[in-house]
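J.: Can you read through this structure? Questions will come right after.
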Amino acid sequence: SSSSSNTINVASGHKINGAAGSIIVPGSVIQIVHSSINTQETTSSSTFVDTALHVDITPTSSSSKILVRASVGLYNNTNASATAATIIRGSTNLFHNTWGFGYIYAASGGGHVNTIPIETLDSPSTTSQITYRVQISRTAVDVGVAYISVNSSISTITAMEIAQ
């Protein structure tokens with residue numbers, strides 16, 4: 001704009017055209033990727049291990065933020081034990097190294113199947129492909145076997161690139 005206010009006015013009935021990705025409004029969603037599993041996986045590890053639940057996203061800008069959401073069905077087969085879930089980017093755990101983003105606790109009877117929600121806003125500062133992966137553990141202080149997607153329950157993960 002040649003005006004000093006740096007404002008461009010668009011008259012009613014007109015629109016702005018641009019090449020794909022050339023007009024980006026801060027806070028808008030640029031792209032969404034999604035994945036789900038319904039295959040039961042288990043581990044007796046007391047540290048986080050990979051599951052098949054993951055998404056790959058390639059940010060269009062290094063200033064973008066990535067909003068990652070997951071809904072993870074967890075179970076533990078032993079009384080007084082816990083199963084935790086976390087999300088990693090590459091090899092970086094995005095939250096707590098023992099408890100992850102949340103856990104379910106099996107107080108008696110081998111526990112219950114519970115779905116935990118996970119949400120985090122990441123700033124990867126790259127335009128290279130990124131993998132966000134859900135990991136589970138039986139937690140460092142417990143016993144038993146940790147399950148994800150027990151009895152074919154559905155677990156999901158979604159990553160959204162947010163313009164800045």
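All residue names refer to the structure tokens as shown: chains lettered A, B, ... in order, residues numbered from 1 in each chain, ligands numbered from 1 in order.
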Taking 3 positions as the minimum chain separation for residues in the same chain, which residues sit within 7 Å of range 82-97 of chain A when counting only C-alpha atoms? Answer as a PyMOL selection string.

T.: chain A and resi 74-76+100-106+130-139+142+146

J.: Please produce a file of the residues just selected, as a PDB file, in the first residue's frame, where the atoms kept are N, CA and C atoms.

T.:
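Written output follows (selection.pdb):
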```pdb
ATOM      1  N   LEU A  74      -5.733 -46.309  26.782  1.00  0.00           N
ATOM      2  CA  LEU A  74      -4.700 -46.980  27.576  1.00  0.00           C
ATOM      3  C   LEU A  74      -5.306 -48.003  28.527  1.00  0.00           C
ATOM      4  N   TYR A  75      -4.478 -48.970  28.919  1.00  0.00           N
ATOM      5  CA  TYR A  75      -4.880 -50.030  29.847  1.00  0.00           C
ATOM      6  C   TYR A  75      -3.620 -50.581  30.494  1.00  0.00           C
ATOM      7  N   ASN A  76      -3.737 -51.119  31.731  1.00  0.00           N
ATOM      8  CA  ASN A  76      -2.661 -51.865  32.371  1.00  0.00           C
ATOM      9  C   ASN A  76      -3.288 -53.095  33.001  1.00  0.00           C
ATOM     10  N   GLY A 100       4.760 -38.572  31.193  1.00  0.00           N
ATOM     11  CA  GLY A 100       4.262 -38.130  29.900  1.00  0.00           C
ATOM     12  C   GLY A 100       3.212 -37.053  30.057  1.00  0.00           C
ATOM     13  N   PHE A 101       2.216 -37.097  29.194  1.00  0.00           N
ATOM     14  CA  PHE A 101       1.110 -36.137  29.230  1.00  0.00           C
ATOM     15  C   PHE A 101      -0.021 -36.625  30.120  1.00  0.00           C
ATOM     16  N   GLY A 102       0.058 -37.859  30.553  1.00  0.00           N
ATOM     17  CA  GLY A 102      -0.988 -38.398  31.407  1.00  0.00           C
ATOM     18  C   GLY A 102      -0.868 -39.896  31.512  1.00  0.00           C
ATOM     19  N   TYR A 103      -1.621 -40.444  32.447  1.00  0.00           N
ATOM     20  CA  TYR A 103      -1.563 -41.878  32.675  1.00  0.00           C
ATOM     21  C   TYR A 103      -2.888 -42.368  33.215  1.00  0.00           C
ATOM     22  N   ILE A 104      -3.070 -43.685  33.139  1.00  0.00           N
ATOM     23  CA  ILE A 104      -4.212 -44.327  33.780  1.00  0.00           C
ATOM     24  C   ILE A 104      -3.644 -45.210  34.876  1.00  0.00           C
ATOM     25  N   TYR A 105      -4.394 -45.343  35.946  1.00  0.00           N
ATOM     26  CA  TYR A 105      -3.944 -46.121  37.095  1.00  0.00           C
ATOM     27  C   TYR A 105      -4.913 -47.271  37.315  1.00  0.00           C
ATOM     28  N   ALA A 106      -4.367 -48.484  37.398  1.00  0.00           N
ATOM     29  CA  ALA A 106      -5.174 -49.679  37.626  1.00  0.00           C
ATOM     30  C   ALA A 106      -5.208 -49.973  39.121  1.00  0.00           C
ATOM     31  N   ILE A 130       8.724 -33.470  10.004  1.00  0.00           N
ATOM     32  CA  ILE A 130       8.762 -33.802  11.430  1.00  0.00           C
ATOM     33  C   ILE A 130       7.840 -34.989  11.659  1.00  0.00           C
ATOM     34  N   THR A 131       8.248 -35.892  12.537  1.00  0.00           N
ATOM     35  CA  THR A 131       7.380 -36.990  12.953  1.00  0.00           C
ATOM     36  C   THR A 131       7.020 -36.788  14.414  1.00  0.00           C
ATOM     37  N   TYR A 132       5.720 -36.791  14.681  1.00  0.00           N
ATOM     38  CA  TYR A 132       5.212 -36.786  16.049  1.00  0.00           C
ATOM     39  C   TYR A 132       4.698 -38.191  16.326  1.00  0.00           C
ATOM     40  N   ARG A 133       5.227 -38.818  17.382  1.00  0.00           N
ATOM     41  CA  ARG A 133       4.902 -40.209  17.674  1.00  0.00           C
ATOM     42  C   ARG A 133       4.404 -40.345  19.111  1.00  0.00           C
ATOM     43  N   VAL A 134       3.368 -41.151  19.288  1.00  0.00           N
ATOM     44  CA  VAL A 134       2.887 -41.475  20.630  1.00  0.00           C
ATOM     45  C   VAL A 134       3.728 -42.631  21.164  1.00  0.00           C
ATOM     46  N   GLN A 135       4.202 -42.475  22.394  1.00  0.00           N
ATOM     47  CA  GLN A 135       4.928 -43.533  23.085  1.00  0.00           C
ATOM     48  C   GLN A 135       4.185 -43.885  24.362  1.00  0.00           C
ATOM     49  N   ILE A 136       4.324 -45.140  24.805  1.00  0.00           N
ATOM     50  CA  ILE A 136       3.726 -45.576  26.063  1.00  0.00           C
ATOM     51  C   ILE A 136       4.766 -46.259  26.933  1.00  0.00           C
ATOM     52  N   SER A 137       4.478 -46.315  28.228  1.00  0.00           N
ATOM     53  CA  SER A 137       5.306 -47.072  29.167  1.00  0.00           C
ATOM     54  C   SER A 137       4.427 -47.556  30.304  1.00  0.00           C
ATOM     55  N   ARG A 138       4.928 -48.497  31.056  1.00  0.00           N
ATOM     56  CA  ARG A 138       4.205 -48.936  32.252  1.00  0.00           C
ATOM     57  C   ARG A 138       4.587 -48.064  33.439  1.00  0.00           C
ATOM     58  N   THR A 139       5.342 -47.023  33.226  1.00  0.00           N
ATOM     59  CA  THR A 139       5.915 -46.054  34.163  1.00  0.00           C
ATOM     60  C   THR A 139       7.039 -46.688  34.975  1.00  0.00           C
ATOM     61  N   ASP A 142       6.156 -48.861  38.373  1.00  0.00           N
ATOM     62  CA  ASP A 142       5.100 -49.871  38.377  1.00  0.00           C
ATOM     63  C   ASP A 142       5.517 -51.165  37.698  1.00  0.00           C
ATOM     64  N   ALA A 146       1.710 -52.517  29.818  1.00  0.00           N
ATOM     65  CA  ALA A 146       1.017 -51.334  29.327  1.00  0.00           C
ATOM     66  C   ALA A 146       0.431 -51.645  27.949  1.00  0.00           C
TER      67      ALA A 146
END
```

J.: Taking the DSSP secondary structure from the backbone, can you list the residues of chain A that are strand (DSSP E), as a tab-separated table (two decimals) with C-alpha atoms, in the first residue's frame?

T.:
```tsv
chain	number	residue	atom	x	y	z
A	29	VAL	CA	-4.47	-23.37	10.09
A	30	ILE	CA	-2.22	-24.03	7.11
A	31	GLN	CA	-2.45	-27.83	7.02
A	32	ILE	CA	-3.76	-30.77	9.02
A	33	VAL	CA	-2.49	-34.36	9.12
A	34	HIS	CA	-4.22	-37.18	10.97
A	35	SER	CA	-3.62	-40.82	11.78
A	36	SER	CA	-5.34	-43.51	13.82
A	37	ILE	CA	-4.73	-47.08	14.94
A	41	GLU	CA	0.16	-52.89	21.21
A	42	THR	CA	1.84	-53.73	24.52
A	43	THR	CA	5.05	-53.11	26.42
A	49	VAL	CA	8.64	-46.94	23.71
A	50	ASP	CA	7.29	-46.17	20.25
A	51	THR	CA	3.85	-47.22	19.09
A	52	ALA	CA	2.51	-47.32	15.54
A	53	LEU	CA	0.54	-44.12	16.25
A	54	HIS	CA	2.32	-41.23	14.51
A	55	VAL	CA	1.97	-38.42	11.97
A	56	ASP	CA	4.46	-36.76	9.62
A	57	ILE	CA	4.14	-33.06	8.83
A	65	LYS	CA	3.71	-23.61	15.41
A	66	ILE	CA	2.38	-27.17	15.37
A	67	LEU	CA	-0.68	-28.00	17.48
A	68	VAL	CA	-0.62	-31.73	18.26
A	69	ARG	CA	-3.69	-33.48	19.65
A	70	ALA	CA	-4.07	-37.14	20.49
A	71	SER	CA	-6.75	-39.34	22.00
A	72	VAL	CA	-5.11	-42.48	23.34
A	73	GLY	CA	-6.84	-45.59	24.73
A	74	LEU	CA	-4.70	-46.98	27.58
A	75	TYR	CA	-4.88	-50.03	29.85
A	76	ASN	CA	-2.66	-51.86	32.37
A	81	SER	CA	0.01	-50.13	38.25
A	82	ALA	CA	-0.07	-47.34	35.67
A	83	THR	CA	0.29	-46.87	31.93
A	84	ALA	CA	1.53	-43.49	30.70
A	85	ALA	CA	1.53	-41.87	27.25
A	86	THR	CA	3.60	-39.08	25.77
A	87	ILE	CA	4.35	-37.49	22.40
A	88	ILE	CA	7.84	-37.19	21.01
A	89	ARG	CA	9.16	-35.09	18.14
A	92	THR	CA	12.57	-35.21	22.08
A	93	ASN	CA	9.87	-35.99	24.64
A	102	GLY	CA	-0.99	-38.40	31.41
A	103	TYR	CA	-1.56	-41.88	32.67
A	104	ILE	CA	-4.21	-44.33	33.78
A	105	TYR	CA	-3.94	-46.12	37.10
A	106	ALA	CA	-5.17	-49.68	37.63
A	114	ASN	CA	-9.41	-45.23	29.68
A	115	THR	CA	-8.90	-42.74	26.91
A	116	ILE	CA	-6.69	-39.80	27.75
A	117	PRO	CA	-6.59	-36.57	25.75
A	118	ILE	CA	-3.22	-35.06	24.89
A	119	GLU	CA	-2.59	-31.59	23.51
A	120	THR	CA	0.59	-29.58	23.05
A	121	LEU	CA	1.70	-26.56	21.02
A	122	ASP	CA	5.18	-27.12	19.59
A	130	ILE	CA	8.76	-33.80	11.43
A	131	THR	CA	7.38	-36.99	12.95
A	132	TYR	CA	5.21	-36.79	16.05
A	133	ARG	CA	4.90	-40.21	17.67
A	134	VAL	CA	2.89	-41.48	20.63
A	135	GLN	CA	4.93	-43.53	23.08
A	136	ILE	CA	3.73	-45.58	26.06
A	137	SER	CA	5.31	-47.07	29.17
A	146	ALA	CA	1.02	-51.33	29.33
A	147	TYR	CA	-1.49	-51.40	26.46
A	148	ILE	CA	-2.54	-48.95	23.78
A	155	SER	CA	-6.40	-44.11	19.24
A	156	THR	CA	-5.79	-40.99	17.14
A	157	ILE	CA	-3.23	-38.24	16.58
A	158	THR	CA	-3.65	-34.98	14.66
A	159	ALA	CA	-1.06	-32.30	13.87
A	160	MET	CA	-2.05	-28.82	12.65
A	161	GLU	CA	0.34	-26.22	11.31
A	162	ILE	CA	-0.59	-22.77	12.66
```

J.: Taking only C-alpha atoms into account, which of A:Val143, A:Ser64, A:Asn79, A:Ser149 comes nearest Val113 in chain A?

T.: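 Nearest candidate to Val113 in chain A out of A:Val143, A:Ser64, A:Asn79, A:Ser149: A:Ser149.
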
J.: Excluding Gly27 in chain A and residues on its chain fewer than 3 positions from it, collect all residues at most 9 Å away from it, counting only C-alpha atoms, and give them as JSON, numbers by chain.

T.: {"A": [24, 162, 163, 164]}

J.: Could you tell me how far CA of Ser128 in chain A sits from CA of Gly18 in chain A, in Å to one decimal place?

T.: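 Computing it gives 23.8 Å between the two atoms.
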
J.: Rounded to one decimal in Å, what is the spacing between CA of Val10 in chain A and CA of Ile23 in chain A?

T.: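 Going from CA of Val10 in chain A over to CA of Ile23 in chain A covers 14.4 Å.
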